[in-house]
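Peer 1: One structure, as structure tokens, below. Some questions next.
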Amino acid sequence: MLSCGSFWKPTKINRVIEQLDSSTQPVIVETDAGIGYLKGMGNPQGDGCLCTELVAAELASWLGLEVPSFAVIALNFEVEMKRAGSLQLGPAFISRQIENPIIGPTDAVLKRLMNRQDLGKIIIFDTWIRNFDRWFNEVENPDNVMFRPVSRNRYVLMPFDHSDCFSEMALDGSIDSELVIRDQRIYGFFPAFRPYVTQESVGSGLERLRTFNQVTAKLIVDSVPQAWGLTTSERKAWVNMIYKRAKYVAEHSGRTILEQGDLFEGPH
């Protein structure tokens with residue numbers, strides 16, 4: 001079952017609360033189901049970022065990560081962006097606002113993490129989707145990982161914002177090239193994670209990834225609205241990439257992740 005619109009079901013945008021000044025020019029809106037962060041067509045980063053947001057959120061949910069509830073909602077009135085121009089009318093990606101989150105991994109929060117096993121999963125997930133915009137090549141963007149408070153001094157890890165994933169270029173027919181599928185680099189491994197990532201968390205994430213199949217990949221990619229401009233050939237290539245890369249990461253990335261965390265105990 002797809003997660004989009006299953007756990008949070010906004011159907012109408014009532015008003016714009018705030019325009020934000022980031023690369024996709026999102027807006028905070030009030031809907032009939034509460035407040036959310038909306039990214040629409042015509043944003044400066046292109047409609048491809050809406051596709052990656054939706055697909056990545058579905059894949060994260062499938063892997064067992066907790067992400068902010070999300071949906072596709074119709075934008076049926078003009079919304080100005082922070083810098084210039086307006087978002088286009090039509091389907092938009094929206095994620096539910098999390099109240100009072102802690103942004104960015106710190107030792108104080110990681111020590112009190114309730115779903116610590118998800119630290120291994122988020123590294124596997126970011127490596128699978130080739131997330132350039134959280135932690136990659138020693139460049140950190142802690143703004144793209146939040147921690148939801150669940151009680152006093154207890155938190156749950158929640159990855160979000162997946163506009164820059166899968167391909168460094170466009171979501172075109174080259175996305176399923178062997179160079180992309182067999183990318184050996186590790187993504188998402190914040191240095192702050194190292195004391196808390198375990199062999200068990202990495203192992204369980206990889207075991208789950210081994211069960212991913214092409215039918216699920218197609219179901220997820222086919223859920224992308226036609227209005228977002230993804231062609232039939234691009235969808236087919238993306239399905240192929242997601243499926244084959246899942247198999248590659250599951251079989252080849254575990255040792256590298258463990259070595260990066262000084263957890264590998266086998267022969268070198």
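Here's how to read the names in the structure tokens: chain A, B, ... by the order shown, residue numbers from 1 in each chain, ligand numbers from 1 in the order shown.
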With only C-alpha atoms counted and 12 Å as the cut-off, give the residues of stretch 128-180 of chain A in contact with stretch 69-93 of chain A, each with its shortest interatomic distance in Å and the pair that gives it, as JSON lines.

Peer 2:
```
{"residue": "A:Met158", "atom": "CA", "partner": "A:Ser69", "partner_atom": "CA", "distance": 10.5}
{"residue": "A:Pro159", "atom": "CA", "partner": "A:Ser69", "partner_atom": "CA", "distance": 11.4}
{"residue": "A:Phe160", "atom": "CA", "partner": "A:Ser69", "partner_atom": "CA", "distance": 10.2}
{"residue": "A:Asp161", "atom": "CA", "partner": "A:Phe93", "partner_atom": "CA", "distance": 11.1}
{"residue": "A:His162", "atom": "CA", "partner": "A:Phe93", "partner_atom": "CA", "distance": 11.5}
{"residue": "A:Ser163", "atom": "CA", "partner": "A:Phe93", "partner_atom": "CA", "distance": 11.1}
```

Peer 1: Quick one: DSSP strand (DSSP E or B) residues in stretch 101-178 of chain A, as a ChimeraX atom specification?

Peer 2: /A:102-103,113,135-136,139-140,145-151,154-159

Peer 1: Which one of A:Ile35, A:Met114, A:Val221, A:Leu59 sits closest to A:Arg96 if you count only C-alpha atoms?

Peer 2: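 Checking each candidate against A:Arg96, we get A:Ile35 as the closest.
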
Peer 1: One number please: atom CA of A:Glu53 to atom CA of A:Tyr196, in Å, one decimal.

Peer 2: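 Between atom CA of A:Glu53 and atom CA of A:Tyr196 the gap is 27.3 Å.
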
Peer 1: Counting only C-alpha atoms, what is within 9 Å of A:Ser23, bar same-chain residues fewer than 3 positions away, as a list in words?

Peer 2: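 Once the adjacent positions are removed, what remains is Pro26, Asn43, Pro44 and Gln45 of chain A.
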
Peer 1: How about saving the chosen residues, N, CA and C atoms kept, as a PDB file, in the first residue's frame?

Peer 2:
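See result_30.pdb below for the written result:
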```
ATOM      1  N   PRO A  26       9.257  26.745  -1.179  1.00  0.00           N
ATOM      2  CA  PRO A  26       8.044  26.162  -0.598  1.00  0.00           C
ATOM      3  C   PRO A  26       7.237  27.209   0.160  1.00  0.00           C
ATOM      4  N   ASN A  43       8.219  25.822  -9.535  1.00  0.00           N
ATOM      5  CA  ASN A  43       9.245  26.301  -8.609  1.00  0.00           C
ATOM      6  C   ASN A  43      10.595  26.373  -9.314  1.00  0.00           C
ATOM      7  N   PRO A  44      11.547  27.180  -8.816  1.00  0.00           N
ATOM      8  CA  PRO A  44      12.804  27.397  -9.527  1.00  0.00           C
ATOM      9  C   PRO A  44      13.643  26.145  -9.759  1.00  0.00           C
ATOM     10  N   GLN A  45      13.458  25.123  -8.932  1.00  0.00           N
ATOM     11  CA  GLN A  45      14.256  23.908  -9.076  1.00  0.00           C
ATOM     12  C   GLN A  45      13.660  22.937 -10.081  1.00  0.00           C
TER      13      GLN A  45
END
```

Peer 1: Distance table requested - stretch 111-133 of chain A against stretch 187-195 of chain A, cut-off 6 Å, only C-alpha atoms: one row per qualifying residue with the closest atom pair and its distance in Å to one decimal, ordered by chain and rising residue number, as JSON lines.

Peer 2:
```
{"residue": "A:Ile123", "atom": "CA", "partner": "A:Gly188", "partner_atom": "CA", "distance": 4.7}
{"residue": "A:Asp126", "atom": "CA", "partner": "A:Tyr187", "partner_atom": "CA", "distance": 5.3}
{"residue": "A:Thr127", "atom": "CA", "partner": "A:Tyr187", "partner_atom": "CA", "distance": 4.6}
```

Peer 1: What does the file look like for those residues with N, CA, C and O atoms, as a compact mmCIF listing (two decimals), in the first residue's frame?

Peer 2:
```
# COMPACT_ATOMS: atom_id res chain seq x y z
N ILE A 123 21.12 5.74 6.67
CA ILE A 123 22.34 5.67 5.85
C ILE A 123 22.09 4.78 4.63
O ILE A 123 22.46 5.13 3.50
N ASP A 126 19.65 6.77 2.26
CA ASP A 126 20.30 7.85 1.52
C ASP A 126 21.26 7.31 0.47
O ASP A 126 21.42 7.90 -0.61
N THR A 127 21.92 6.20 0.78
CA THR A 127 22.82 5.57 -0.20
C THR A 127 22.01 5.00 -1.35
O THR A 127 22.39 5.13 -2.53
```

Peer 1: Given only C-alpha atoms as the basis, pick out the residue of A:Glu66, A:Asp21, A:Glu259, A:Asp164 nearest to A:Val197.

Peer 2: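 Comparing A:Glu66, A:Asp21, A:Glu259, A:Asp164 against A:Val197, the winner is A:Glu259.
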
Peer 1: Using only C-alpha atoms, which residues sit within 12 Å of A:Val249 once same-chain residues fewer than 3 positions away are excluded, as an NGL selection string?

Peer 2: :A and (121 or 123-130 or 180-187 or 202-203 or 205-210 or 212 or 241-246 or 252-257)

Peer 1: In Å, with one decimal, what is the gap from atom CA of A:Val29 to atom CA of A:Trp228?

Peer 2: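 Going from atom CA of A:Val29 over to atom CA of A:Trp228 covers 20.5 Å.
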
Peer 1: Using only C-alpha atoms, can you tell me which of A:Pro10, A:Pro68, A:Gly48, A:Gly104 comes closest to A:Thr231?

Peer 2: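 Of A:Pro10, A:Pro68, A:Gly48, A:Gly104, the one nearest A:Thr231, counting only C-alpha atoms, is A:Gly48.
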
Peer 1: Quick one: distance from atom CA of A:Leu171 to atom CA of A:Val55 in Å, one decimal?

Peer 2: 12.0 Å

Peer 1: Quick one: of A:Arg116, A:Arg235, A:Arg134, A:Arg148, who's nearest to A:Pro101, counting only C-alpha atoms?

Peer 2: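 That would be A:Arg148, the residue with the smallest distance to A:Pro101.
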
Peer 1: Ranking A:Trp62, A:Val16, A:Ile28, A:Ser223 by minimum distance to A:Thr211 and counting only C-alpha atoms, which one comes first?

Peer 2: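 Answer, going by the shortest atom-to-atom distance: A:Trp62.
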
Peer 1: Which residue gives the smallest distance to A:Ser95 among A:Val109, A:Ala33, A:Val139, A:Leu63, with only C-alpha atoms counted?

Peer 2: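 Checking each candidate against A:Ser95, we get A:Ala33 as the closest.
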